[in-house]
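For reference, target.cif is printed below; it contains mmCIF, N, CA and C atoms.
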```cif
data_coords
#
loop_
_atom_site.label_atom_id
_atom_site.label_comp_id
_atom_site.auth_asym_id
_atom_site.auth_seq_id
_atom_site.Cartn_x
_atom_site.Cartn_y
_atom_site.Cartn_z
N MET A 1 114.33 91.85 81.92
CA MET A 1 114.17 91.99 83.35
C MET A 1 113.94 90.60 83.95
N ALA A 2 114.81 90.17 84.83
CA ALA A 2 114.74 88.84 85.42
C ALA A 2 113.64 88.77 86.47
N GLU A 3 113.00 87.62 86.54
CA GLU A 3 111.97 87.40 87.55
C GLU A 3 112.62 87.20 88.91
N PRO A 4 112.01 87.73 89.99
CA PRO A 4 112.61 87.54 91.31
C PRO A 4 112.54 86.07 91.73
N SER A 5 113.51 85.67 92.53
CA SER A 5 113.55 84.29 92.99
C SER A 5 112.50 84.07 94.08
N TYR A 6 112.26 82.82 94.39
CA TYR A 6 111.31 82.47 95.44
C TYR A 6 111.72 83.09 96.77
N GLU A 7 113.00 83.03 97.08
CA GLU A 7 113.50 83.58 98.35
C GLU A 7 113.32 85.10 98.40
N GLU A 8 113.55 85.78 97.28
CA GLU A 8 113.36 87.23 97.23
C GLU A 8 111.89 87.59 97.44
N LEU A 9 111.00 86.84 96.80
CA LEU A 9 109.58 87.08 96.96
C LEU A 9 109.13 86.82 98.40
N LYS A 10 109.66 85.76 98.98
CA LYS A 10 109.33 85.42 100.35
C LYS A 10 109.78 86.51 101.32
N ALA A 11 110.98 87.05 101.11
CA ALA A 11 111.50 88.12 101.96
C ALA A 11 110.67 89.39 101.79
N ARG A 12 110.30 89.69 100.56
CA ARG A 12 109.49 90.89 100.30
C ARG A 12 108.10 90.76 100.95
N LEU A 13 107.52 89.57 100.87
CA LEU A 13 106.21 89.34 101.48
C LEU A 13 106.29 89.51 103.00
N ALA A 14 107.33 88.99 103.61
CA ALA A 14 107.51 89.14 105.06
C ALA A 14 107.64 90.60 105.44
N GLU A 15 108.37 91.36 104.63
CA GLU A 15 108.55 92.80 104.88
C GLU A 15 107.21 93.53 104.78
N LEU A 16 106.42 93.22 103.77
CA LEU A 16 105.11 93.86 103.59
C LEU A 16 104.15 93.47 104.71
N GLU A 17 104.21 92.24 105.17
CA GLU A 17 103.34 91.82 106.27
C GLU A 17 103.68 92.56 107.55
N LYS A 18 104.98 92.79 107.77
CA LYS A 18 105.40 93.56 108.95
C LYS A 18 104.84 94.98 108.89
N GLN A 19 104.92 95.61 107.74
CA GLN A 19 104.42 96.97 107.57
C GLN A 19 102.91 97.01 107.74
N GLY A 20 102.21 96.05 107.18
CA GLY A 20 100.76 96.00 107.26
C GLY A 20 100.27 95.76 108.67
N ALA A 21 101.00 94.98 109.45
CA ALA A 21 100.60 94.68 110.82
C ALA A 21 100.63 95.95 111.67
N GLY A 22 101.58 96.83 111.43
CA GLY A 22 101.68 98.07 112.20
C GLY A 22 100.52 99.01 111.93
N ARG A 23 100.03 98.99 110.74
CA ARG A 23 98.93 99.89 110.38
C ARG A 23 97.62 99.48 111.01
N ARG A 24 97.46 98.21 111.28
CA ARG A 24 96.20 97.73 111.84
C ARG A 24 96.22 97.71 113.36
N SER A 25 97.19 98.35 113.95
CA SER A 25 97.33 98.31 115.41
C SER A 25 96.38 99.26 116.12
N GLY A 26 95.66 100.09 115.37
CA GLY A 26 94.76 101.04 115.99
C GLY A 26 95.41 102.40 116.22
N GLU A 27 96.68 102.50 115.94
CA GLU A 27 97.37 103.78 116.10
C GLU A 27 97.05 104.70 114.93
N LEU A 28 97.00 105.98 115.22
CA LEU A 28 96.81 106.96 114.16
C LEU A 28 98.16 107.29 113.55
N GLU A 29 98.16 107.53 112.26
CA GLU A 29 99.38 107.89 111.55
C GLU A 29 99.11 109.18 110.79
N PHE A 30 100.06 110.10 110.82
CA PHE A 30 99.92 111.40 110.16
C PHE A 30 100.93 111.50 109.03
N ARG A 31 100.47 112.05 107.91
CA ARG A 31 101.36 112.25 106.76
C ARG A 31 101.03 113.58 106.09
N VAL A 32 102.04 114.19 105.51
CA VAL A 32 101.85 115.41 104.72
C VAL A 32 101.89 115.00 103.26
N GLY A 33 100.85 115.37 102.52
CA GLY A 33 100.77 115.02 101.11
C GLY A 33 101.53 115.99 100.23
N GLU A 34 101.58 115.67 98.94
CA GLU A 34 102.30 116.48 97.96
C GLU A 34 101.75 117.90 97.88
N LYS A 35 100.45 118.07 98.08
CA LYS A 35 99.82 119.38 97.95
C LYS A 35 99.75 120.12 99.27
N GLY A 36 100.34 119.55 100.33
CA GLY A 36 100.40 120.25 101.61
C GLY A 36 99.30 119.89 102.59
N GLY A 37 98.43 118.99 102.22
CA GLY A 37 97.38 118.56 103.14
C GLY A 37 97.93 117.58 104.16
N VAL A 38 97.38 117.59 105.35
CA VAL A 38 97.79 116.67 106.40
C VAL A 38 96.72 115.59 106.50
N SER A 39 97.13 114.33 106.33
CA SER A 39 96.20 113.21 106.37
C SER A 39 96.37 112.43 107.65
N VAL A 40 95.25 111.98 108.18
CA VAL A 40 95.24 111.11 109.36
C VAL A 40 94.76 109.75 108.90
N TYR A 41 95.59 108.74 109.11
CA TYR A 41 95.25 107.37 108.77
C TYR A 41 94.94 106.61 110.05
N GLY A 42 94.01 105.67 109.97
CA GLY A 42 93.71 104.83 111.11
C GLY A 42 92.35 105.10 111.74
N LEU A 43 91.63 106.08 111.23
CA LEU A 43 90.30 106.36 111.76
C LEU A 43 89.25 105.46 111.13
N GLY A 44 89.46 105.13 109.89
CA GLY A 44 88.51 104.31 109.15
C GLY A 44 89.17 103.77 107.90
N ARG A 45 88.35 103.44 106.93
CA ARG A 45 88.86 102.84 105.71
C ARG A 45 89.71 103.82 104.89
N PHE A 46 89.31 105.09 104.91
CA PHE A 46 90.02 106.11 104.13
C PHE A 46 90.62 107.15 105.06
N PRO A 47 91.70 107.80 104.62
CA PRO A 47 92.29 108.85 105.47
C PRO A 47 91.42 110.10 105.49
N VAL A 48 91.60 110.89 106.54
CA VAL A 48 90.95 112.20 106.64
C VAL A 48 92.03 113.22 106.33
N THR A 49 91.81 114.05 105.31
CA THR A 49 92.82 115.00 104.87
C THR A 49 92.27 116.42 104.92
N LEU A 50 92.98 117.29 105.62
CA LEU A 50 92.64 118.71 105.69
C LEU A 50 93.93 119.51 105.55
N TYR A 51 93.78 120.77 105.18
CA TYR A 51 94.93 121.66 105.16
C TYR A 51 95.16 122.25 106.54
N TYR A 52 96.32 122.82 106.76
CA TYR A 52 96.73 123.34 108.06
C TYR A 52 95.66 124.22 108.69
N GLU A 53 95.16 125.19 107.92
CA GLU A 53 94.17 126.14 108.45
C GLU A 53 92.90 125.42 108.88
N GLN A 54 92.52 124.38 108.14
CA GLN A 54 91.33 123.62 108.49
C GLN A 54 91.53 122.83 109.78
N TRP A 55 92.72 122.24 109.94
CA TRP A 55 93.02 121.51 111.19
C TRP A 55 92.96 122.46 112.38
N ILE A 56 93.51 123.67 112.22
CA ILE A 56 93.52 124.64 113.31
C ILE A 56 92.08 125.02 113.68
N ARG A 57 91.24 125.30 112.68
CA ARG A 57 89.84 125.63 112.96
C ARG A 57 89.13 124.49 113.67
N LEU A 58 89.37 123.27 113.21
CA LEU A 58 88.73 122.10 113.82
C LEU A 58 89.19 121.92 115.27
N LEU A 59 90.49 122.02 115.49
CA LEU A 59 91.02 121.85 116.84
C LEU A 59 90.58 122.96 117.78
N ASP A 60 90.46 124.18 117.25
CA ASP A 60 89.95 125.29 118.07
C ASP A 60 88.50 125.07 118.48
N SER A 61 87.77 124.30 117.71
CA SER A 61 86.36 124.02 118.00
C SER A 61 86.17 122.71 118.76
N SER A 62 87.23 122.13 119.26
CA SER A 62 87.13 120.80 119.86
C SER A 62 86.18 120.74 121.05
N ALA A 63 86.14 121.77 121.87
CA ALA A 63 85.22 121.78 123.02
C ALA A 63 83.77 121.76 122.54
N ARG A 64 83.46 122.56 121.53
CA ARG A 64 82.10 122.58 120.98
C ARG A 64 81.75 121.25 120.34
N LEU A 65 82.72 120.65 119.64
CA LEU A 65 82.50 119.36 119.00
C LEU A 65 82.22 118.28 120.04
N MET A 66 82.99 118.26 121.12
CA MET A 66 82.78 117.27 122.19
C MET A 66 81.39 117.44 122.80
N ALA A 67 80.98 118.67 123.05
CA ALA A 67 79.65 118.93 123.62
C ALA A 67 78.56 118.45 122.66
N PHE A 68 78.73 118.74 121.38
CA PHE A 68 77.77 118.31 120.36
C PHE A 68 77.66 116.79 120.32
N LEU A 69 78.81 116.11 120.34
CA LEU A 69 78.81 114.65 120.30
C LEU A 69 78.12 114.05 121.52
N GLU A 70 78.41 114.59 122.69
CA GLU A 70 77.79 114.08 123.91
C GLU A 70 76.28 114.30 123.90
N GLU A 71 75.86 115.47 123.43
CA GLU A 71 74.43 115.79 123.36
C GLU A 71 73.70 114.82 122.43
N ASN A 72 74.28 114.56 121.29
CA ASN A 72 73.64 113.69 120.31
C ASN A 72 73.78 112.22 120.68
N LYS A 73 74.80 111.88 121.43
CA LYS A 73 74.95 110.51 121.93
C LYS A 73 73.82 110.20 122.90
N ALA A 74 73.51 111.14 123.75
CA ALA A 74 72.45 110.96 124.74
C ALA A 74 71.09 110.81 124.06
N GLU A 75 70.91 111.46 122.93
CA GLU A 75 69.64 111.39 122.21
C GLU A 75 69.56 110.15 121.32
N GLY A 76 70.63 109.39 121.25
CA GLY A 76 70.63 108.17 120.46
C GLY A 76 70.72 108.39 118.96
N LYS A 77 71.21 109.55 118.55
CA LYS A 77 71.29 109.86 117.12
C LYS A 77 72.57 109.34 116.48
N LEU A 78 73.61 109.11 117.27
CA LEU A 78 74.88 108.68 116.72
C LEU A 78 74.96 107.17 116.63
N LYS A 79 75.66 106.70 115.60
CA LYS A 79 75.91 105.26 115.46
C LYS A 79 77.13 104.94 116.32
N LEU A 80 76.93 104.12 117.34
CA LEU A 80 78.00 103.79 118.26
C LEU A 80 78.36 102.32 118.11
N LYS A 81 79.66 102.04 118.17
CA LYS A 81 80.12 100.65 118.14
C LYS A 81 79.91 100.03 119.51
N GLU A 82 79.39 98.82 119.52
CA GLU A 82 79.24 98.09 120.78
C GLU A 82 80.54 97.39 121.10
N LYS A 83 80.96 97.45 122.36
CA LYS A 83 82.22 96.84 122.76
C LYS A 83 81.98 95.48 123.35
#
```

As C-alpha cells, what does this structure read like?
Amino acid sequence: MAEPSYEELKARLAELEKQGAGRRSGELEFRVGEKGGVSVYGLGRFPVTLYYEQWIRLLDSSARLMAFLEENKAEGKLKLKEK
C-alpha cells in the first residue's frame, strides 16, 4: 500500500477542515443511527439520541418543559451561560 503524497494529504486536510468548520457553526444536525435512534448533534460535546416514540413524548411535553425551565431559571437553580 503506497503512502499518500504531500499534495493528497494537503487536499484531504483541507476537505476535513471544511467539514469540521460546518459542525462548529452552532447549527443542530440530525442523524438516524443504525438501530433507528435519532441523534441531535450540536447541543454539547456528545449527541442526544432518542427513539421516535421518545422524541414524540418529549415534544408533546414541550410546553410543560418550557414552564419548568422558566420556573427554575427564576429560582436560580439552572446553570446559565453568561453572554

Which is closer to Gly44 in chain A than all the others in A:Ala63, A:Leu16, A:Leu28, A:Ala2, using only C-alpha atoms?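 Of A:Ala63, A:Leu16, A:Leu28, A:Ala2, the one nearest Gly44 in chain A, counting only C-alpha atoms, is A:Leu28.
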
Check which residues satisfy the PyMOL selection byres (((chain A and resi 38 and name CA) around 7) and name CA) in the file shown, then give them as a count of residues only. 12

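Counting from CA of Lys73 in chain A, the distance to CA of Ser61 in chain A is 18.1 Å.
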
Output, as JSON, the centre and edge lengths in Å (one decimal) of the axis-aligned box that contains all listed atoms of range 43-52 of chain A with 6 Å of margin on each side.
```
{"center_x": 92.5, "center_y": 113.5, "center_z": 107.9, "size_x": 20.4, "size_y": 33.4, "size_z": 19.6}
```

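Interatomic distance, CA of Trp55 in chain A against atom C of Glu29 in chain A: 13.8 Å.
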
DSSP-assigned alpha helix (DSSP H) members of range 12-59 of chain A, reported as a list of chain:residue names: A:Arg12, A:Leu13, A:Ala14, A:Glu15, A:Leu16, A:Glu17, A:Lys18, A:Gln19, A:Gly20, A:Ala21, A:Gly22, A:Arg23, A:Tyr52, A:Glu53, A:Gln54, A:Trp55, A:Ile56, A:Arg57, A:Leu58, A:Leu59

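Atom pair atom C of Gly42 in chain A / CA of Gln19 in chain A: separated by 15.1 Å.
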
Apply DSSP to the backbone of this structure and, from chain A, keep only the residues in strand (DSSP E or B); write these as a PyMOL selection string. chain A and resi 29-32+38-41+48-50

Give me, as a list in words, all polymer residues having an atom no more than 12 Å from Leu69 in chain A, counting only C-alpha atoms and skipping those fewer than 6 positions away in the same chain.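 Non-adjacent residues within range: Ser62, Ala63, Glu75, Gly76, Lys77, Leu78, Lys79 and Leu80 of chain A.
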